[in-house]
Amino acid sequence: MLLIIAGVFQFYQTFSLQKASNQIVKKMRNDIFSHTHTVPINYFVDQPAGRIVARVTNDTEAIRDLYERVLSIIITSAIYMLGIFVALFILDAKLAAFCLLVIPLILGWMKVYKYFGSKYNKVIRATVSEINGNINEAIQGMPIIQAFRREKKTNDDFEVLNKRHFTYQRKLIKLSALTSYNLVTFFRNMTFVVFIWYFGSQSLEPSGIISIGMLYAFVDYLTRLFEPVTDIVNQLPLLEQARVAGGECLS
């Protein structure tokens, strides 16, 4: 019975998030398209058509993940972490207070990721817009390109954009790889080192005998603590992409 109820709530949550995200994306596209009718004509002279199309379609689509996945996972993980910290404080306040250091470490890394991820994502999204514009102009002007034998120059221009996109995508992948696994693993290992040292020093005292149940409870809670941490950290790439995409839509 509980499984059925959980399944119904999960379906309602997924359906509601997707419905809300679709409505938001629909509203944003309408607003952006309407805004294109009010900008000065010089804007269209300086901006390729492909870049404008990318802002209406690609950038708004990237925001969909923010509402469908990122926010729900981050909020759920934060609530889960809060419950674990409450249990840790009940077991041992000193060790639980030390585990609170995980929160500023995560926030600090989020700022670092925001700095580099924002810079890389802005270049990537700008390059994608230029690629779309380049392809659009090349297709429309193909008779002229072939007539004046500009195929090689067109290919070279496209290759420059494609190489720039590849370079910054690789940088972003390296940053995400460092974040998703290595960082969380480092935090978890350091926490377990302190845990072993803390309980090991207590066991040397005559009154510091620790029950197997207490040890098991702490190991279990610490293991569970880093599950939502991993979930939050894994959402940083999507969160940053949506943030940059939102900035592009509003610019």
# chains A, B, ... in the order shown; residues from 1 in each chain; ligands from 1
$ closest_atom_pairs --of "range 79-130 of chain A" --to "range 151-174 of chain A" --cutoff "8 Å" --atoms "only C-alpha atoms" --output "CSV"
residue,atom,partner,partner_atom,distance
A:Gly117,CA,A:Leu172,CA,6.6
A:Tyr120,CA,A:Tyr168,CA,5.9
A:Asn121,CA,A:Leu172,CA,7.7
A:Val123,CA,A:Tyr168,CA,7.3
A:Ile124,CA,A:His165,CA,5.6
A:Thr127,CA,A:His165,CA,6.1
A:Val128,CA,A:His165,CA,7.3
A:Glu130,CA,A:Leu161,CA,7.4
$ write_last_selection --atoms "C-alpha atoms" --output "compact mmCIF listing (two decimals), in the first residue's frame"
# COMPACT_ATOMS: atom_id res chain seq x y z
CA GLY A 117 31.58 27.36 -15.25
CA TYR A 120 33.07 28.50 -20.05
CA ASN A 121 29.30 28.30 -20.56
CA VAL A 123 31.75 31.10 -24.47
CA ILE A 124 30.05 27.81 -25.38
CA THR A 127 29.84 29.94 -29.98
CA VAL A 128 26.75 27.78 -30.53
CA GLU A 130 27.62 31.88 -33.94
$ atom_distance --atom1 "CA of Gln235 in chain A" --atom2 "CA of Val70 in chain A"
5.8 Å
$ closest_atom_pairs --of "range 80-180 of chain A" --to "range 33-56 of chain A" --cutoff "9 Å" --atoms "only C-alpha atoms" --output "CSV"
residue,atom,partner,partner_atom,distance
A:Arg125,CA,A:Ala54,CA,8.9
A:Ala126,CA,A:Arg51,CA,8.0
A:Val128,CA,A:Ala54,CA,7.8
A:Ser129,CA,A:Arg51,CA,4.2
A:Glu130,CA,A:Arg51,CA,6.0
A:Ile131,CA,A:Gly50,CA,7.7
A:Asn132,CA,A:Gly50,CA,4.6
A:Gly133,CA,A:Gly50,CA,3.6
A:Asn134,CA,A:Gly50,CA,7.3
A:Ile135,CA,A:Gly50,CA,7.7
A:Asn136,CA,A:Gly50,CA,6.0
A:Glu137,CA,A:Pro48,CA,7.9
$ closest_residue --among "A:Leu105, A:Leu238, A:Val229, A:Leu91" --to "Ala217 in chain A" --atoms "only C-alpha atoms"
A:Leu91
$ atom_distance --atom1 "CA of Ile84 in chain A" --atom2 "CA of Arg188 in chain A"
14.8 Å
$ residues_around --residues "Met110 in chain A" --least-positions-apart "3" --cutoff "10 Å" --atoms "only C-alpha atoms" --output "JSON, numbers by chain"
{"A": [104, 105, 106, 107, 113, 114, 115, 117, 179, 232, 233, 236, 240]}
$ closest_residue --among "A:Thr191, A:Ser118, A:Gln10, A:Asn58" --to "Cys99 in chain A" --atoms "only C-alpha atoms"
A:Thr191
$ closest_residue --among "A:Ser77, A:Ser21, A:Thr60, A:Thr185" --to "Pro228 in chain A" --atoms "only C-alpha atoms"
A:Ser77
$ residues_around --residues "Asn22 in chain A" --least-positions-apart "3" --cutoff "12 Å" --atoms "only C-alpha atoms" --output "list in words"
Phe15, Ser16, Leu17, Gln18, Lys19, Val25, Lys26, Lys27, Met28, Arg29, Thr60, Glu61, Ala62, Ile63, Arg64, Asp65, Leu66, Tyr67 and Glu68 of chain A
